[in-house]
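Below is one structure, written out as structure tokens; the observations come after it.
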Amino acid sequence: MTTLVLVEHNGSEISKGTLSTIAAAQKLGGDVELAVLGNGVSGIAEAASKISGVSKVHHGDHEELAHPMAEAYTKVLQAIAGQFDAVLAPASTFGKNILPRLAALLDVQQVSDIVAVEGPKTFKRPIYAGNAIATVETSDDKLVITVRPTAFDPVARDGGSASVETLSVDISSGATSKFVNLEESEGDRPDLNAASIVVSGGRGVGSKEDFKIIEALADKLSAAVGASRAAVDAGYVSNDYQVGQTGKIVAPDLYIAVGISGAIQHLAGMKESKVIVAINTDEEAPIFNVADYGLVADLFQALPELTEKL
Ligand code: FAD
């Protein structure tokens, strides 16, 4: 079995989700190789070659690959897919954008968002917003799989010594889609997907202005900021902060839910967190069913006090 993992990176660092995807690939058995695609990313290819348990890195560098556009990326992946039994990527917006197109081009059925490897072709994946876990078996010869990063402990960034091979494939893509621009949240806070502490605010916070008290606590704890969909829909923060079924799936060491009721769609994105703290005025709020520590209190009193005491 030889598995290819598509590396997610931002031009300067390989994502933690990629390291978890490599851990999942190792559970399939056999060799694990990586594809590093981009423009001017030899440093990333070099870093990838040091990841523990990787035997080879395929490095594709081209201006058409400067942004992770599905058309150009899948052109490269399709060209080399014949060498592999499985192609994996994290089930992030990156992997969810690219792998379905690859699966279609290879005429196979993608297995999405796996949380466990049960056998060479058998996997576990959540359904119904994580309320049930399905065991699925594919009959395809070639596997195309997205991996839920929070379900697999990441491999070490170092300890490996893989060879790096430059890809020479034709990537003049003739794409019908083109990159226009990227709007990223700026700031020094850690990335929501990788943070060990997340402080999330919900509708109970009440306004964009008041959301600053969530940010103040996050900054005190060097935490990432998250939000419920209700808070995003109300315009308190942008939608890249959203945690949940239709947002980001996180599993930090500590998740603090403030003014969040705990709807199943929100729980789907955070209930695997190691320690959950909930602050809510309503003692019947469902968030308390998953919380390790619950504080029935008005967030406008509790949060400034907590932030000050820290
Ligand atoms: P509410 O449910 O309104 O809860 C606000 C809470 O704040 C209440 O519990 C209240 O007691 C508390 N509160 C109020 N004032 C205070 C105060 N002063 N101090 C302390 N507590 C206070 N939701 C997500 O979050 N993420 C998703 O990805 C997502 N995907 C969805 C997908 C689908 C298909 C659907 C149908 C829904 C989805 N939702 C998602 C929405 C979800 O169903 C809930 O509507 C949403 O999570 C509610 O957000 P909330 O808890 O902030 O708001």
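Letters A, B, ... mark the chains of the structure tokens in the order given; residue numbers begin at 1 per chain; ligand numbers begin at 1, in order shown.
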Mind checking which residues fall within 12 Å of Gly82 in chain A, counting only C-alpha atoms, ignoring those fewer than 4 positions away in the same chain, and posting them as a ChimeraX atom specification? /A:2-4,76-78,86-87,106,141-143
Let's have the selection written as a CSV table (one decimal), in the first residue's frame, with N, CA, C and O atoms.
chain,number,residue,atom,x,y,z
A,2,THR,N,0.7,2.1,-1.0
A,2,THR,CA,1.4,3.4,-1.0
A,2,THR,C,0.3,4.5,-1.0
A,2,THR,O,-0.6,4.5,-1.8
A,3,THR,N,0.5,5.4,0.0
A,3,THR,CA,-0.5,6.5,0.2
A,3,THR,C,0.2,7.8,-0.1
A,3,THR,O,1.3,8.1,0.4
A,4,LEU,N,-0.6,8.7,-0.7
A,4,LEU,CA,-0.1,10.1,-1.0
A,4,LEU,C,-1.0,11.0,-0.1
A,4,LEU,O,-2.2,10.9,-0.1
A,76,VAL,N,-2.4,18.1,-11.4
A,76,VAL,CA,-1.2,17.5,-10.9
A,76,VAL,C,-1.4,16.1,-10.2
A,76,VAL,O,-0.8,15.1,-10.5
A,77,LEU,N,-2.4,16.1,-9.3
A,77,LEU,CA,-2.7,14.9,-8.5
A,77,LEU,C,-3.1,13.8,-9.4
A,77,LEU,O,-2.7,12.6,-9.3
A,78,GLN,N,-4.0,14.1,-10.4
A,78,GLN,CA,-4.5,13.1,-11.3
A,78,GLN,C,-3.3,12.5,-12.1
A,78,GLN,O,-3.3,11.2,-12.3
A,86,ALA,N,-3.9,5.2,-2.4
A,86,ALA,CA,-4.8,6.1,-1.7
A,86,ALA,C,-4.3,7.5,-1.8
A,86,ALA,O,-3.1,7.7,-1.7
A,87,VAL,N,-5.2,8.5,-1.9
A,87,VAL,CA,-4.8,9.9,-1.8
A,87,VAL,C,-5.6,10.5,-0.6
A,87,VAL,O,-6.9,10.3,-0.6
A,106,LEU,N,-11.0,10.6,-11.1
A,106,LEU,CA,-10.5,9.2,-11.1
A,106,LEU,C,-11.7,8.2,-11.1
A,106,LEU,O,-11.5,7.0,-11.1
A,141,ASP,N,-10.9,0.5,-6.1
A,141,ASP,CA,-9.5,0.1,-6.0
A,141,ASP,C,-8.6,1.2,-5.5
A,141,ASP,O,-7.7,1.0,-4.8
A,142,LYS,N,-8.9,2.4,-5.9
A,142,LYS,CA,-8.1,3.6,-5.5
A,142,LYS,C,-9.0,4.4,-4.5
A,142,LYS,O,-10.1,4.7,-4.7
A,143,LEU,N,-8.3,4.7,-3.3
A,143,LEU,CA,-9.1,5.4,-2.3
A,143,LEU,C,-8.8,6.9,-2.3
A,143,LEU,O,-7.6,7.3,-2.5
Quick one: pick out all strand (DSSP E or B) residues within range 107-202 of chain A from a backbone DSSP run and write them as a PyMOL selection string. chain A and resi 111-114+116-119+122-127+132-137+143-147+163-166+197-201
Please, which residues in range 74-150 of chain A fall within 12 Å of range 272-276 of chain A when counting only C-alpha atoms, and what is the closest atom pair and distance in Å to one decimal for each, ordered by chain then residue number, as JSON lines?
{"residue": "A:Val115", "atom": "CA", "partner": "A:Glu272", "partner_atom": "CA", "distance": 11.6}
{"residue": "A:Gly130", "atom": "CA", "partner": "A:Glu272", "partner_atom": "CA", "distance": 10.3}
{"residue": "A:Arg148", "atom": "CA", "partner": "A:Glu272", "partner_atom": "CA", "distance": 11.7}
{"residue": "A:Pro149", "atom": "CA", "partner": "A:Glu272", "partner_atom": "CA", "distance": 11.6}
{"residue": "A:Thr150", "atom": "CA", "partner": "A:Glu272", "partner_atom": "CA", "distance": 7.9}
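A straight line drawn from atom 32 (C, counted along the ligand's line) of ligand 1 to CA of Pro100 in chain A is 21.1 Å long.
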Taking only C-alpha atoms and all ligand atoms into account, produce a table as a tab-separated table in which each residue of chain A with an atom at most 6 Å from an atom of ligand 1 appears once, together with its shortest atom pair and the distance in Å to one decimal, ordered by chain and rising number.
residue	atom	partner	partner_atom_place_in_ligand_line	distance
A:Gly202	CA	ligand 1	52 (O)	3.2
A:Arg203	CA	ligand 1	52 (O)	3.8
A:Gly204	CA	ligand 1	14 (C)	3.5
A:Ser228	CA	ligand 1	25 (O)	3.3
A:Arg229	CA	ligand 1	24 (C)	3.9
A:Ala230	CA	ligand 1	49 (O)	4.2
A:Ala231	CA	ligand 1	52 (O)	5.5
A:Gln242	CA	ligand 1	26 (N)	6.0
A:Val243	CA	ligand 1	26 (N)	5.1
A:Gly244	CA	ligand 1	28 (O)	3.2
A:Gln245	CA	ligand 1	28 (O)	3.9
A:Thr246	CA	ligand 1	28 (O)	3.6
A:Gly247	CA	ligand 1	28 (O)	4.3
A:Gly259	CA	ligand 1	7 (O)	3.5
A:Ile260	CA	ligand 1	51 (O)	3.5
A:Ser261	CA	ligand 1	9 (O)	3.4
A:Gly262	CA	ligand 1	51 (O)	5.4
A:Ala263	CA	ligand 1	47 (O)	4.9
A:Gln265	CA	ligand 1	29 (C)	4.5
A:His266	CA	ligand 1	25 (O)	3.8
A:Ile279	CA	ligand 1	20 (C)	5.8
A:Asn280	CA	ligand 1	21 (N)	3.5
A:Thr281	CA	ligand 1	21 (N)	4.4
A:Asp282	CA	ligand 1	11 (O)	4.4
A:Ala285	CA	ligand 1	9 (O)	5.3
A:Ala297	CA	ligand 1	20 (C)	5.9
A:Asp298	CA	ligand 1	19 (N)	3.6
A:Leu299	CA	ligand 1	19 (N)	3.8
A:Phe300	CA	ligand 1	18 (N)	5.8
Mind checking which residues fall within 10 Å of Lys178 in chain A, counting only C-alpha atoms, ignoring those fewer than 3 positions away in the same chain, and posting them as a ChimeraX atom specification? /A:64,67,69,71-72,174-175,181
Quick one: write out the picked residues with C-alpha atoms as a PDB file, in the first residue's frame?
ATOM      1  CA  GLU A  64      -0.552  28.111 -11.640  1.00  0.00           C
ATOM      2  CA  HIS A  67      -3.228  29.344  -4.780  1.00  0.00           C
ATOM      3  CA  MET A  69      -7.341  26.086  -6.894  1.00  0.00           C
ATOM      4  CA  GLU A  71      -8.599  22.676 -11.180  1.00  0.00           C
ATOM      5  CA  ALA A  72      -4.801  23.142 -11.225  1.00  0.00           C
ATOM      6  CA  GLY A 174      -6.766  25.924 -18.945  1.00  0.00           C
ATOM      7  CA  ALA A 175      -8.853  26.494 -15.853  1.00  0.00           C
ATOM      8  CA  ASN A 181      -8.251  37.565  -3.879  1.00  0.00           C
TER       9      ASN A 181
END
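Distances here use only C-alpha atoms; by that measure, the residue among A:Ala268, A:Pro304, A:Thr135, A:Ala223 closest to Val290 in chain A is A:Ala268.
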Give me, as a VMD selection string, all polymer residues having an atom no more than 10 Å from Phe211 in chain A, counting only C-alpha atoms and skipping those fewer than 4 positions away in the same chain. chain A and resid 200 to 207 215 to 216 225 227 231 236 to 237
Work out how far apart CA of Leu102 in chain A and CA of Ser15 in chain A are and give it in Å to one decimal. 20.8 Å
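Minimum atom-to-atom distances from A:Glu165, A:Asp170, A:Glu137, A:Glu118 to Ala45 in chain A were compared using only C-alpha atoms, and the lowest value belongs to A:Glu165.
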Selection: 10 Å around Ser222 in chain A, only C-alpha atoms, excl. self and same-chain fewer than 6 positions, as number ranges by chain: A: 188-190, 195-199, 215-216
Go ahead and dump the residues you just picked, all heavy atoms, as a PDB file, in the first residue's frame.
ATOM      1  N   ASP A 188      -2.648  38.559  15.831  1.00  0.00           N
ATOM      2  CA  ASP A 188      -1.625  37.674  16.377  1.00  0.00           C
ATOM      3  C   ASP A 188      -2.208  36.441  17.055  1.00  0.00           C
ATOM      4  O   ASP A 188      -1.481  35.635  17.585  1.00  0.00           O
ATOM      5  CB  ASP A 188      -0.786  38.448  17.419  1.00  0.00           C
ATOM      6  CG  ASP A 188      -0.088  39.630  16.765  1.00  0.00           C
ATOM      7  OD1 ASP A 188       0.162  39.526  15.557  1.00  0.00           O
ATOM      8  OD2 ASP A 188       0.166  40.632  17.467  1.00  0.00           O
ATOM      9  N   ARG A 189      -3.539  36.351  17.064  1.00  0.00           N
ATOM     10  CA  ARG A 189      -4.125  35.212  17.778  1.00  0.00           C
ATOM     11  C   ARG A 189      -3.845  33.910  17.041  1.00  0.00           C
ATOM     12  O   ARG A 189      -3.725  33.901  15.817  1.00  0.00           O
ATOM     13  CB  ARG A 189      -5.641  35.395  17.889  1.00  0.00           C
ATOM     14  CG  ARG A 189      -5.997  36.522  18.808  1.00  0.00           C
ATOM     15  CD  ARG A 189      -7.435  36.446  19.260  1.00  0.00           C
ATOM     16  NE  ARG A 189      -7.745  37.706  19.887  1.00  0.00           N
ATOM     17  CZ  ARG A 189      -8.378  38.699  19.278  1.00  0.00           C
ATOM     18  NH1 ARG A 189      -8.837  38.554  18.068  1.00  0.00           N
ATOM     19  NH2 ARG A 189      -8.571  39.827  19.900  1.00  0.00           N
ATOM     20  N   PRO A 190      -3.779  32.797  17.789  1.00  0.00           N
ATOM     21  CA  PRO A 190      -3.530  31.523  17.113  1.00  0.00           C
ATOM     22  C   PRO A 190      -4.679  31.133  16.187  1.00  0.00           C
ATOM     23  O   PRO A 190      -5.803  31.608  16.348  1.00  0.00           O
ATOM     24  CB  PRO A 190      -3.392  30.524  18.270  1.00  0.00           C
ATOM     25  CG  PRO A 190      -3.825  31.221  19.498  1.00  0.00           C
ATOM     26  CD  PRO A 190      -3.879  32.681  19.231  1.00  0.00           C
ATOM     27  N   ALA A 195      -5.284  25.973  17.665  1.00  0.00           N
ATOM     28  CA  ALA A 195      -5.114  26.545  19.009  1.00  0.00           C
ATOM     29  C   ALA A 195      -5.347  25.518  20.103  1.00  0.00           C
ATOM     30  O   ALA A 195      -6.204  24.639  19.968  1.00  0.00           O
ATOM     31  CB  ALA A 195      -6.073  27.711  19.193  1.00  0.00           C
ATOM     32  N   SER A 196      -4.603  25.632  21.205  1.00  0.00           N
ATOM     33  CA  SER A 196      -4.858  24.715  22.316  1.00  0.00           C
ATOM     34  C   SER A 196      -5.939  25.255  23.254  1.00  0.00           C
ATOM     35  O   SER A 196      -6.498  24.510  24.048  1.00  0.00           O
ATOM     36  CB  SER A 196      -3.570  24.406  23.082  1.00  0.00           C
ATOM     37  OG  SER A 196      -2.982  25.595  23.493  1.00  0.00           O
ATOM     38  N   ILE A 197      -6.235  26.552  23.154  1.00  0.00           N
ATOM     39  CA  ILE A 197      -7.367  27.112  23.912  1.00  0.00           C
ATOM     40  C   ILE A 197      -8.233  27.919  22.942  1.00  0.00           C
ATOM     41  O   ILE A 197      -7.710  28.668  22.110  1.00  0.00           O
ATOM     42  CB  ILE A 197      -6.894  28.042  25.056  1.00  0.00           C
ATOM     43  CG1 ILE A 197      -5.897  27.327  25.972  1.00  0.00           C
ATOM     44  CG2 ILE A 197      -8.084  28.574  25.856  1.00  0.00           C
ATOM     45  CD1 ILE A 197      -5.339  28.201  27.099  1.00  0.00           C
ATOM     46  N   VAL A 198      -9.549  27.742  23.035  1.00  0.00           N
ATOM     47  CA  VAL A 198     -10.487  28.517  22.210  1.00  0.00           C
ATOM     48  C   VAL A 198     -11.522  29.150  23.133  1.00  0.00           C
ATOM     49  O   VAL A 198     -12.090  28.477  23.999  1.00  0.00           O
ATOM     50  CB  VAL A 198     -11.202  27.620  21.164  1.00  0.00           C
ATOM     51  CG1 VAL A 198     -12.278  28.405  20.425  1.00  0.00           C
ATOM     52  CG2 VAL A 198     -10.201  27.025  20.181  1.00  0.00           C
ATOM     53  N   VAL A 199     -11.745  30.457  22.964  1.00  0.00           N
ATOM     54  CA  VAL A 199     -12.828  31.134  23.683  1.00  0.00           C
ATOM     55  C   VAL A 199     -13.862  31.526  22.634  1.00  0.00           C
ATOM     56  O   VAL A 199     -13.561  32.277  21.710  1.00  0.00           O
ATOM     57  CB  VAL A 199     -12.328  32.404  24.414  1.00  0.00           C
ATOM     58  CG1 VAL A 199     -13.475  33.025  25.212  1.00  0.00           C
ATOM     59  CG2 VAL A 199     -11.156  32.083  25.335  1.00  0.00           C
ATOM     60  N   GLU A 215     -12.808  38.636  23.154  1.00  0.00           N
ATOM     61  CA  GLU A 215     -11.442  38.793  22.626  1.00  0.00           C
ATOM     62  C   GLU A 215     -10.449  39.106  23.754  1.00  0.00           C
ATOM     63  O   GLU A 215      -9.323  38.618  23.742  1.00  0.00           O
ATOM     64  CB  GLU A 215     -11.424  39.888  21.554  1.00  0.00           C
ATOM     65  CG  GLU A 215     -12.216  39.470  20.318  1.00  0.00           C
ATOM     66  CD  GLU A 215     -12.550  40.618  19.364  1.00  0.00           C
ATOM     67  OE1 GLU A 215     -12.316  41.790  19.715  1.00  0.00           O
ATOM     68  OE2 GLU A 215     -13.067  40.316  18.280  1.00  0.00           O
ATOM     69  N   ALA A 216     -10.904  39.893  24.742  1.00  0.00           N
ATOM     70  CA  ALA A 216     -10.011  40.253  25.856  1.00  0.00           C
ATOM     71  C   ALA A 216      -9.616  38.999  26.644  1.00  0.00           C
ATOM     72  O   ALA A 216      -8.443  38.817  27.007  1.00  0.00           O
ATOM     73  CB  ALA A 216     -10.697  41.263  26.771  1.00  0.00           C
TER      74      ALA A 216
END
Helix (DSSP H, G or I) positions in range 54-149 of chain A, given as a PyMOL selection string: chain A and resi 63-65+70-83+93-106+149
Give me the residues near Ser12 in chain A as a PDB file with N, CA, C and O atoms, in the first residue's frame, where near means some atom within 12 Å (using only C-alpha atoms) and where sequence neighbours in that chain fewer than 3 positions away do not count.
ATOM      1  N   GLU A   8      -1.307  20.555   3.169  1.00  0.00           N
ATOM      2  CA  GLU A   8      -1.927  21.882   3.290  1.00  0.00           C
ATOM      3  C   GLU A   8      -0.912  22.808   3.958  1.00  0.00           C
ATOM      4  O   GLU A   8      -0.366  22.465   5.007  1.00  0.00           O
ATOM      5  N   HIS A   9      -0.670  23.959   3.332  1.00  0.00           N
ATOM      6  CA  HIS A   9       0.297  24.915   3.915  1.00  0.00           C
ATOM      7  C   HIS A   9      -0.129  26.322   3.550  1.00  0.00           C
ATOM      8  O   HIS A   9      -0.972  26.536   2.672  1.00  0.00           O
ATOM      9  N   SER A  15       0.252  22.790   7.795  1.00  0.00           N
ATOM     10  CA  SER A  15      -0.815  22.828   8.802  1.00  0.00           C
ATOM     11  C   SER A  15      -0.747  21.610   9.728  1.00  0.00           C
ATOM     12  O   SER A  15      -0.274  20.533   9.345  1.00  0.00           O
ATOM     13  N   GLY A  38       2.598  24.324  -4.920  1.00  0.00           N
ATOM     14  CA  GLY A  38       2.567  25.759  -4.663  1.00  0.00           C
ATOM     15  C   GLY A  38       3.483  26.479  -5.635  1.00  0.00           C
ATOM     16  O   GLY A  38       3.910  25.914  -6.645  1.00  0.00           O
ATOM     17  N   ASN A  39       3.773  27.732  -5.306  1.00  0.00           N
ATOM     18  CA  ASN A  39       4.673  28.534  -6.132  1.00  0.00           C
ATOM     19  C   ASN A  39       5.776  29.072  -5.230  1.00  0.00           C
ATOM     20  O   ASN A  39       5.499  29.837  -4.319  1.00  0.00           O
ATOM     21  N   GLY A  40       7.013  28.605  -5.453  1.00  0.00           N
ATOM     22  CA  GLY A  40       8.119  29.015  -4.584  1.00  0.00           C
ATOM     23  C   GLY A  40       8.027  28.370  -3.222  1.00  0.00           C
ATOM     24  O   GLY A  40       8.146  29.038  -2.196  1.00  0.00           O
ATOM     25  N   VAL A  41       7.760  27.073  -3.206  1.00  0.00           N
ATOM     26  CA  VAL A  41       7.555  26.396  -1.917  1.00  0.00           C
ATOM     27  C   VAL A  41       8.613  25.316  -1.645  1.00  0.00           C
ATOM     28  O   VAL A  41       8.327  24.299  -1.011  1.00  0.00           O
ATOM     29  N   SER A  42       9.844  25.555  -2.124  1.00  0.00           N
ATOM     30  CA  SER A  42      10.876  24.549  -1.863  1.00  0.00           C
ATOM     31  C   SER A  42      11.136  24.419  -0.358  1.00  0.00           C
ATOM     32  O   SER A  42      11.471  23.336   0.130  1.00  0.00           O
ATOM     33  N   GLY A  43      10.959  25.531   0.384  1.00  0.00           N
ATOM     34  CA  GLY A  43      11.137  25.469   1.844  1.00  0.00           C
ATOM     35  C   GLY A  43      10.105  24.545   2.491  1.00  0.00           C
ATOM     36  O   GLY A  43      10.409  23.820   3.444  1.00  0.00           O
ATOM     37  N   ILE A  44       8.890  24.568   1.959  1.00  0.00           N
ATOM     38  CA  ILE A  44       7.834  23.695   2.497  1.00  0.00           C
ATOM     39  C   ILE A  44       8.165  22.234   2.167  1.00  0.00           C
ATOM     40  O   ILE A  44       8.008  21.335   3.006  1.00  0.00           O
ATOM     41  N   ALA A  45       8.655  22.006   0.933  1.00  0.00           N
ATOM     42  CA  ALA A  45       9.027  20.639   0.538  1.00  0.00           C
ATOM     43  C   ALA A  45      10.136  20.121   1.451  1.00  0.00           C
ATOM     44  O   ALA A  45      10.121  18.954   1.886  1.00  0.00           O
ATOM     45  N   GLU A  46      11.082  21.008   1.747  1.00  0.00           N
ATOM     46  CA  GLU A  46      12.194  20.659   2.641  1.00  0.00           C
ATOM     47  C   GLU A  46      11.657  20.301   4.036  1.00  0.00           C
ATOM     48  O   GLU A  46      12.018  19.280   4.632  1.00  0.00           O
ATOM     49  N   ALA A  47      10.747  21.150   4.547  1.00  0.00           N
ATOM     50  CA  ALA A  47      10.154  20.897   5.872  1.00  0.00           C
ATOM     51  C   ALA A  47       9.359  19.589   5.854  1.00  0.00           C
ATOM     52  O   ALA A  47       9.395  18.805   6.810  1.00  0.00           O
ATOM     53  N   ALA A  48       8.669  19.329   4.732  1.00  0.00           N
ATOM     54  CA  ALA A  48       7.859  18.108   4.613  1.00  0.00           C
ATOM     55  C   ALA A  48       8.740  16.865   4.670  1.00  0.00           C
ATOM     56  O   ALA A  48       8.348  15.826   5.219  1.00  0.00           O
TER      57      ALA A  48
END
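Between CA of Leu182 in chain A and CA of Arg101 in chain A lies a distance of 21.3 Å.
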Identify which of the residues A:Ile256, A:Ile51, A:Ala35, A:Val164 lies closest to Gly294 in chain A, counting only C-alpha atoms when measuring atom-to-atom distances. A:Ile256
Check the smallest atom-to-atom distance from each of A:Met1, A:Val258, A:Val147, A:Ile264 to Val296 in chain A using only C-alpha atoms, then report the winner. A:Val258
The residue from A:Gly159, A:Lys75, A:Val117, A:Ala104 with the smallest atom-to-atom distance to Ala25 in chain A, counting only C-alpha atoms, is A:Val117
Would you mind listing what lies within 8 Å of range 93-99 of chain A as a ChimeraX atom specification, with only C-alpha atoms counted and same-chain residues fewer than 5 positions away left out? /A:8,68-71,73-74,88,110,144-146
Save the residues we just selected, C-alpha atoms, as a short mmCIF file (atom, residue, chain, number, x, y, z; two decimals), in the first residue's frame?
data_model
loop_
_atom_site.label_atom_id
_atom_site.label_comp_id
_atom_site.auth_asym_id
_atom_site.auth_seq_id
_atom_site.Cartn_x
_atom_site.Cartn_y
_atom_site.Cartn_z
CA GLU A 8 -1.93 21.88 3.29
CA PRO A 68 -4.96 26.07 -3.94
CA MET A 69 -7.34 26.09 -6.89
CA ALA A 70 -9.02 22.72 -7.41
CA GLU A 71 -8.60 22.68 -11.18
CA TYR A 73 -4.14 21.03 -8.12
CA THR A 74 -6.18 18.08 -9.34
CA LEU A 88 -5.61 11.68 1.48
CA GLN A 110 -14.64 9.74 -2.03
CA VAL A 144 -9.69 9.14 -2.09
CA ILE A 145 -10.20 10.14 1.54
CA THR A 146 -10.58 13.31 3.59
#
